[in-house]
Structures are given as structure tokens and as C-alpha cells.
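Engineer: File data_10.cif follows (mmCIF, C-alpha atoms; chains and numbers go by the auth columns):
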```cif
data_data
#
loop_
_atom_site.group_PDB
_atom_site.id
_atom_site.type_symbol
_atom_site.label_atom_id
_atom_site.label_comp_id
_atom_site.label_asym_id
_atom_site.label_seq_id
_atom_site.Cartn_x
_atom_site.Cartn_y
_atom_site.Cartn_z
_atom_site.B_iso_or_equiv
_atom_site.auth_seq_id
_atom_site.auth_asym_id
ATOM 1 C CA MET A 1 84.639 -42.760 98.843 0.00 549 S
ATOM 2 C CA ASP A 2 83.907 -40.015 101.365 0.00 550 S
ATOM 3 C CA LYS A 3 80.724 -39.515 103.390 0.00 551 S
ATOM 4 C CA ASN A 4 79.265 -36.984 100.958 0.00 552 S
ATOM 5 C CA GLU A 5 79.793 -39.227 97.933 0.00 553 S
ATOM 6 C CA LEU A 6 78.223 -42.150 99.754 0.00 554 S
ATOM 7 C CA ARG A 7 75.310 -39.970 100.877 0.00 555 S
ATOM 8 C CA LEU A 8 74.710 -39.011 97.232 0.00 556 S
ATOM 9 C CA ARG A 9 74.955 -42.634 96.174 0.00 557 S
ATOM 10 C CA HIS A 10 72.339 -43.631 98.755 0.00 558 S
ATOM 11 C CA LYS A 11 70.057 -40.850 97.542 0.00 559 S
ATOM 12 C CA ALA A 12 70.488 -41.919 93.903 0.00 560 S
ATOM 13 C CA PHE A 13 69.629 -45.488 94.941 0.00 561 S
ATOM 14 C CA ALA A 14 66.458 -44.264 96.673 0.00 562 S
ATOM 15 C CA ILE A 15 65.450 -42.411 93.505 0.00 563 S
ATOM 16 C CA ARG A 16 66.033 -45.569 91.461 0.00 564 S
ATOM 17 C CA ILE A 17 63.814 -47.506 93.882 0.00 565 S
ATOM 18 C CA VAL A 18 61.025 -44.929 93.480 0.00 566 S
ATOM 19 C CA ASN A 19 61.262 -45.098 89.690 0.00 567 S
ATOM 20 C CA MET A 20 61.340 -48.905 89.727 0.00 568 S
ATOM 21 C CA VAL A 21 58.244 -49.090 91.929 0.00 569 S
ATOM 22 C CA ASP A 22 56.411 -46.716 89.598 0.00 570 S
ATOM 23 C CA ALA A 23 57.227 -49.081 86.705 0.00 571 S
ATOM 24 C CA MET A 24 55.822 -52.158 88.448 0.00 572 S
ATOM 25 C CA PRO A 25 52.504 -53.566 87.226 0.00 573 S
ATOM 26 C CA HIS A 26 49.428 -52.872 89.322 0.00 574 S
ATOM 27 C CA THR A 27 48.478 -56.301 90.613 0.00 575 S
ATOM 28 C CA ILE A 28 47.633 -57.288 94.160 0.00 576 S
ATOM 29 C CA ALA A 29 50.978 -59.050 94.644 0.00 577 S
ATOM 30 C CA SER A 30 53.158 -56.387 93.050 0.00 578 S
ATOM 31 C CA ASN A 31 51.362 -53.600 94.924 0.00 579 S
ATOM 32 C CA ALA A 32 52.045 -55.370 98.236 0.00 580 S
ATOM 33 C CA ILE A 33 55.713 -55.850 97.363 0.00 581 S
ATOM 34 C CA ALA A 34 55.948 -52.290 96.038 0.00 582 S
ATOM 35 C CA ARG A 35 54.816 -50.908 99.401 0.00 583 S
ATOM 36 C CA GLN A 36 57.475 -52.959 101.180 0.00 584 S
ATOM 37 C CA VAL A 37 60.348 -52.139 98.830 0.00 585 S
ATOM 38 C CA ILE A 38 59.545 -48.418 98.692 0.00 586 S
ATOM 39 C CA ARG A 39 59.913 -48.259 102.489 0.00 587 S
ATOM 40 C CA SER A 40 63.011 -50.422 102.837 0.00 588 S
ATOM 41 C CA GLY A 41 64.662 -49.068 99.686 0.00 589 S
ATOM 42 C CA THR A 42 64.361 -45.381 100.485 0.00 590 S
ATOM 43 C CA SER A 43 65.088 -45.476 104.214 0.00 591 S
ATOM 44 C CA PRO A 44 68.839 -46.257 103.922 0.00 592 S
ATOM 45 C CA SER A 45 69.346 -42.822 102.401 0.00 593 S
ATOM 46 C CA ALA A 46 67.719 -41.083 105.356 0.00 594 S
ATOM 47 C CA ASN A 47 69.367 -43.369 107.902 0.00 595 S
ATOM 48 C CA TYR A 48 72.803 -42.838 106.362 0.00 596 S
ATOM 49 C CA ARG A 49 72.291 -39.057 106.577 0.00 597 S
ATOM 50 C CA ALA A 50 71.451 -39.515 110.248 0.00 598 S
ATOM 51 C CA ALA A 51 74.572 -41.632 110.760 0.00 599 S
ATOM 52 C CA CYS A 52 76.710 -38.901 109.212 0.00 600 S
ATOM 53 C CA ILE A 53 75.635 -36.430 111.894 0.00 601 S
ATOM 54 C CA ALA A 54 75.624 -38.918 114.784 0.00 602 S
ATOM 55 C CA LYS A 55 77.795 -37.751 117.665 0.00 603 S
ATOM 56 C CA PRO A 56 78.851 -40.706 119.835 0.00 604 S
ATOM 57 C CA ASP A 57 80.594 -43.588 118.063 0.00 605 S
ATOM 58 C CA LYS A 58 77.994 -46.036 119.363 0.00 606 S
ATOM 59 C CA ASP A 59 75.185 -43.953 117.845 0.00 607 S
ATOM 60 C CA PHE A 60 77.020 -43.899 114.496 0.00 608 S
ATOM 61 C CA VAL A 61 77.356 -47.690 114.484 0.00 609 S
ATOM 62 C CA ASN A 62 73.714 -48.178 115.520 0.00 610 S
ATOM 63 C CA LYS A 63 72.508 -45.968 112.688 0.00 611 S
ATOM 64 C CA LEU A 64 74.736 -47.823 110.222 0.00 612 S
ATOM 65 C CA LYS A 65 73.235 -51.101 111.481 0.00 613 S
ATOM 66 C CA MET A 66 69.794 -49.724 110.550 0.00 614 S
ATOM 67 C CA VAL A 67 71.136 -48.941 107.067 0.00 615 S
ATOM 68 C CA GLU A 68 72.465 -52.514 106.843 0.00 616 S
ATOM 69 C CA GLU A 69 69.132 -54.035 107.884 0.00 617 S
ATOM 70 C CA GLU A 70 67.129 -51.941 105.427 0.00 618 S
ATOM 71 C CA LEU A 71 69.496 -52.692 102.524 0.00 619 S
ATOM 72 C CA ASP A 72 69.343 -56.403 103.301 0.00 620 S
ATOM 73 C CA GLU A 73 65.545 -56.273 103.367 0.00 621 S
ATOM 74 C CA THR A 74 65.532 -54.319 100.109 0.00 622 S
ATOM 75 C CA LEU A 75 67.747 -56.946 98.506 0.00 623 S
ATOM 76 C CA HIS A 76 65.194 -59.568 99.553 0.00 624 S
ATOM 77 C CA TRP A 77 62.336 -57.667 97.902 0.00 625 S
ATOM 78 C CA LEU A 78 64.351 -57.003 94.743 0.00 626 S
ATOM 79 C CA GLU A 79 65.151 -60.699 94.434 0.00 627 S
ATOM 80 C CA LEU A 80 61.487 -61.533 95.009 0.00 628 S
ATOM 81 C CA ILE A 81 60.462 -59.132 92.239 0.00 629 S
ATOM 82 C CA VAL A 82 62.716 -61.086 89.867 0.00 630 S
ATOM 83 C CA ASP A 83 61.729 -64.517 91.191 0.00 631 S
ATOM 84 C CA CYS A 84 58.016 -63.699 90.806 0.00 632 S
ATOM 85 C CA ASN A 85 58.577 -62.278 87.303 0.00 633 S
ATOM 86 C CA ILE A 86 57.116 -58.918 88.287 0.00 634 S
ATOM 87 C CA LEU A 87 59.894 -57.123 86.399 0.00 635 S
ATOM 88 C CA PRO A 88 62.416 -58.728 84.041 0.00 636 S
ATOM 89 C CA LYS A 89 65.731 -59.874 85.479 0.00 637 S
ATOM 90 C CA GLU A 90 67.657 -57.843 82.885 0.00 638 S
ATOM 91 C CA ARG A 91 65.998 -54.677 84.142 0.00 639 S
ATOM 92 C CA MET A 92 66.696 -55.549 87.785 0.00 640 S
ATOM 93 C CA ASN A 93 70.354 -56.608 87.560 0.00 641 S
ATOM 94 C CA ASP A 94 71.824 -53.103 87.966 0.00 642 S
ATOM 95 C CA ILE A 95 69.649 -52.103 90.919 0.00 643 S
ATOM 96 C CA ILE A 96 70.319 -55.440 92.647 0.00 644 S
ATOM 97 C CA GLN A 97 74.051 -54.930 92.070 0.00 645 S
ATOM 98 C CA GLU A 98 73.906 -51.409 93.522 0.00 646 S
ATOM 99 C CA CYS A 99 71.988 -52.633 96.566 0.00 647 S
ATOM 100 C CA SER A 100 74.559 -55.388 97.110 0.00 648 S
ATOM 101 C CA GLU A 101 77.445 -52.934 96.793 0.00 649 S
ATOM 102 C CA LEU A 102 75.872 -50.469 99.224 0.00 650 S
ATOM 103 C CA LEU A 103 75.282 -53.333 101.648 0.00 651 S
ATOM 104 C CA SER A 104 78.927 -54.439 101.394 0.00 652 S
ATOM 105 C CA ILE A 105 80.172 -50.886 101.903 0.00 653 S
ATOM 106 C CA THR A 106 77.913 -50.493 104.940 0.00 654 S
ATOM 107 C CA VAL A 107 79.052 -53.755 106.525 0.00 655 S
ATOM 108 C CA ALA A 108 82.698 -52.767 105.969 0.00 656 S
ATOM 109 C CA ALA A 109 82.031 -49.355 107.548 0.00 657 S
ATOM 110 C CA ILE A 110 80.400 -50.980 110.577 0.00 658 S
ATOM 111 C CA LEU A 111 83.321 -53.368 111.050 0.00 659 S
ATOM 112 C CA SER A 112 85.814 -50.529 110.656 0.00 660 S
ATOM 113 C CA ALA A 113 83.967 -48.267 113.088 0.00 661 S
ATOM 114 C CA LYS A 114 83.720 -51.069 115.649 0.00 662 S
ATOM 115 C CA LYS A 115 87.422 -51.845 115.313 0.00 663 S
ATOM 116 C CA THR A 116 88.600 -48.241 115.649 0.00 664 S
ATOM 117 C CA THR A 117 86.313 -47.484 118.586 0.00 665 S
ATOM 118 C CA ASN A 118 86.462 -50.858 120.367 0.00 666 S
ATOM 119 C CA ILE A 119 82.680 -51.344 120.143 0.00 667 S
ATOM 120 C CA ASN A 120 81.479 -54.937 120.288 0.00 668 S
#
```
What does the file become when written as C-alpha cells?
Structural biologist:
Amino acid sequence: MDKNELRLRHKAFAIRIVNMVDAMPHTIASNAIARQVIRSGTSPSANYRAACIAKPDKDFVNKLKMVEEELDETLHWLELIVDCNILPKERMNDIIQECSELLSITVAAILSAKKTTNIN
């Protein structure tokens, strides 16, 4: 998967997050979680775009680390949405899977970039 394909995949994930949040019920708890997940779930797309244009190798890795952190946080909120029965597990499985896959890809990219550039 090249950078452009991954950038499009991140953007599609952000769109899915927006649509999921719009489908959440309007309760105090779900509104609080919705605000958190909309921020953490859409920022990896923007941060990955920034990583793609980063110049020094260290800057690239740092931006990818931000993507990793935001995806991990998003995964937490998605799991909480299921655990609190805000949305049904069957509806959440695909978006949780995509978040997990993007997180794995990001971690692999960080490890690869560190190895090829000798960054600790």
C-alpha cells in the first residue's frame, strides 16, 4: 500500500467516524464520548497527511507517532461505545477492525522508518 492509498484509507476512516457519531443517541454520556471520538478519530487523517510531507526523518516518525496515539485513543472510545451499549456491537465491528488495522500499519511504518534511519 503506497502513501496515497493509505492517505485515502485514513480519510475514509475519518468519514466513517463522522457518520458513526451522527448515528449515536443524544444522551449525556454518548454526547461526551462522541466529542472525544470525533476528535481522536478524525485527526489521524490530518496527521498522516502531515507525515507524508514531513521533511526530516525524525519529523516523519514524530508525526506517525501522533497518528499512532490518536488511533489508539480512538480504539479505546470505540470499545467503550460497545461496552456501554451506545451502539450495537454488530454495527461497530467493521469500524473497530479498520481502526485496529490502521493502528497496526502505523506501528509497522514507525518501526520500519526507525530501522532504516537509525532513529531510536
Engineer: Distance cut-off 6 Å, centre (67.9, -47.2, 99.8) in file coordinates, counting all atoms listed in the file: which residues qualify? Return them as an NGL selection string.
Structural biologist: :S and (558 or 561-562 or 589-593)
Engineer: For S:Ala598, which residue among S:Ile586, S:Lys613, S:Asp631, S:Ile653 is the nearest when counting all atoms listed in the file?
Structural biologist: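 Closest to S:Ala598 of all the choices is S:Lys613.
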Engineer: What is the distance between atom CA of S:Lys637 and atom CA of S:Glu617, in Å to one decimal?
Structural biologist: 23.4 Å
Engineer: So the first atom is atom CA of S:Ala594 and the second is atom CA of S:Pro573; what is the distance between them in Å, to one decimal place?
Structural biologist: 26.8 Å
Engineer: Using all atoms listed in the file, which of the listed residues (S:Ile634, S:Ala602, S:Leu612, S:Ile629) sits closest to S:His574?
Structural biologist: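 Using all atoms listed in the file, S:His574 sits closest to S:Ile634.
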Engineer: So how far away is atom CA of S:Ser648 from atom CA of S:Leu619, in Å?
Structural biologist: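 For atom CA of S:Leu619 relative to atom CA of S:Ser648, the distance reads 7.9 Å.
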Engineer: In terms of the shortest atom-to-atom distance over all atoms listed in the file, which of S:Ala560, S:Ala580, S:Ile601, S:Ile565 is closest to S:Ile644?
Structural biologist: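 For S:Ile644, the nearest of the given residues is S:Ile565.
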Engineer: Do a neighbour search on S:Leu659 at 12 Å with all atoms listed in the file, toss out local chain neighbours closer than 3 positions, and write the hits as a count of residues only.
Structural biologist: 18
Engineer: Which one is closest to S:Arg555: S:Met640, S:Val569, S:Cys600, S:Ile576? Count all atoms listed in the file.
Structural biologist: S:Cys600
Engineer: Take the PyMOL selection byres ((chain S and resi 639) around 12), run it mentally on this structure, and tell me the resulting residues as a short mmCIF file (atom, residue, chain, number, x, y, z; two decimals) with C-alpha atoms, keeping the file's coordinate frame.
Structural biologist:
```
data_model
loop_
_atom_site.label_atom_id
_atom_site.label_comp_id
_atom_site.auth_asym_id
_atom_site.auth_seq_id
_atom_site.Cartn_x
_atom_site.Cartn_y
_atom_site.Cartn_z
CA ARG S 564 66.03 -45.57 91.46
CA MET S 568 61.34 -48.90 89.73
CA ALA S 571 57.23 -49.08 86.70
CA MET S 572 55.82 -52.16 88.45
CA LEU S 626 64.35 -57.00 94.74
CA GLU S 627 65.15 -60.70 94.43
CA ILE S 629 60.46 -59.13 92.24
CA VAL S 630 62.72 -61.09 89.87
CA ASN S 633 58.58 -62.28 87.30
CA ILE S 634 57.12 -58.92 88.29
CA LEU S 635 59.89 -57.12 86.40
CA PRO S 636 62.42 -58.73 84.04
CA LYS S 637 65.73 -59.87 85.48
CA GLU S 638 67.66 -57.84 82.88
CA MET S 640 66.70 -55.55 87.78
CA ASN S 641 70.35 -56.61 87.56
CA ASP S 642 71.82 -53.10 87.97
CA ILE S 643 69.65 -52.10 90.92
CA ILE S 644 70.32 -55.44 92.65
CA GLN S 645 74.05 -54.93 92.07
#
```
Engineer: Go through S:Lys611, S:Arg597, S:Lys559, S:Lys551 one by one, measure the shortest atom-to-atom distance of each to S:Cys647 using all atoms listed in the file, and give the residue with the smallest value.
Structural biologist: S:Lys559
Engineer: Looking at S:Ala582, S:Asp570, S:Tyr596, S:Asp605, which one is nearest to S:Leu554, with distances taken over all atoms listed in the file?
Structural biologist: S:Tyr596
Engineer: Kindly provide, as AutoDock Vina command-line options, the centre and edge lengths (Å, one decimal) of an axis-aligned box around all atoms of stretch 643-648 of chain S given in the file, with 8 Å on each side.
Structural biologist:
```
--center_x 72.1 --center_y -53.4 --center_z 94.0 --size_x 20.9 --size_y 20.0 --size_z 22.2
```
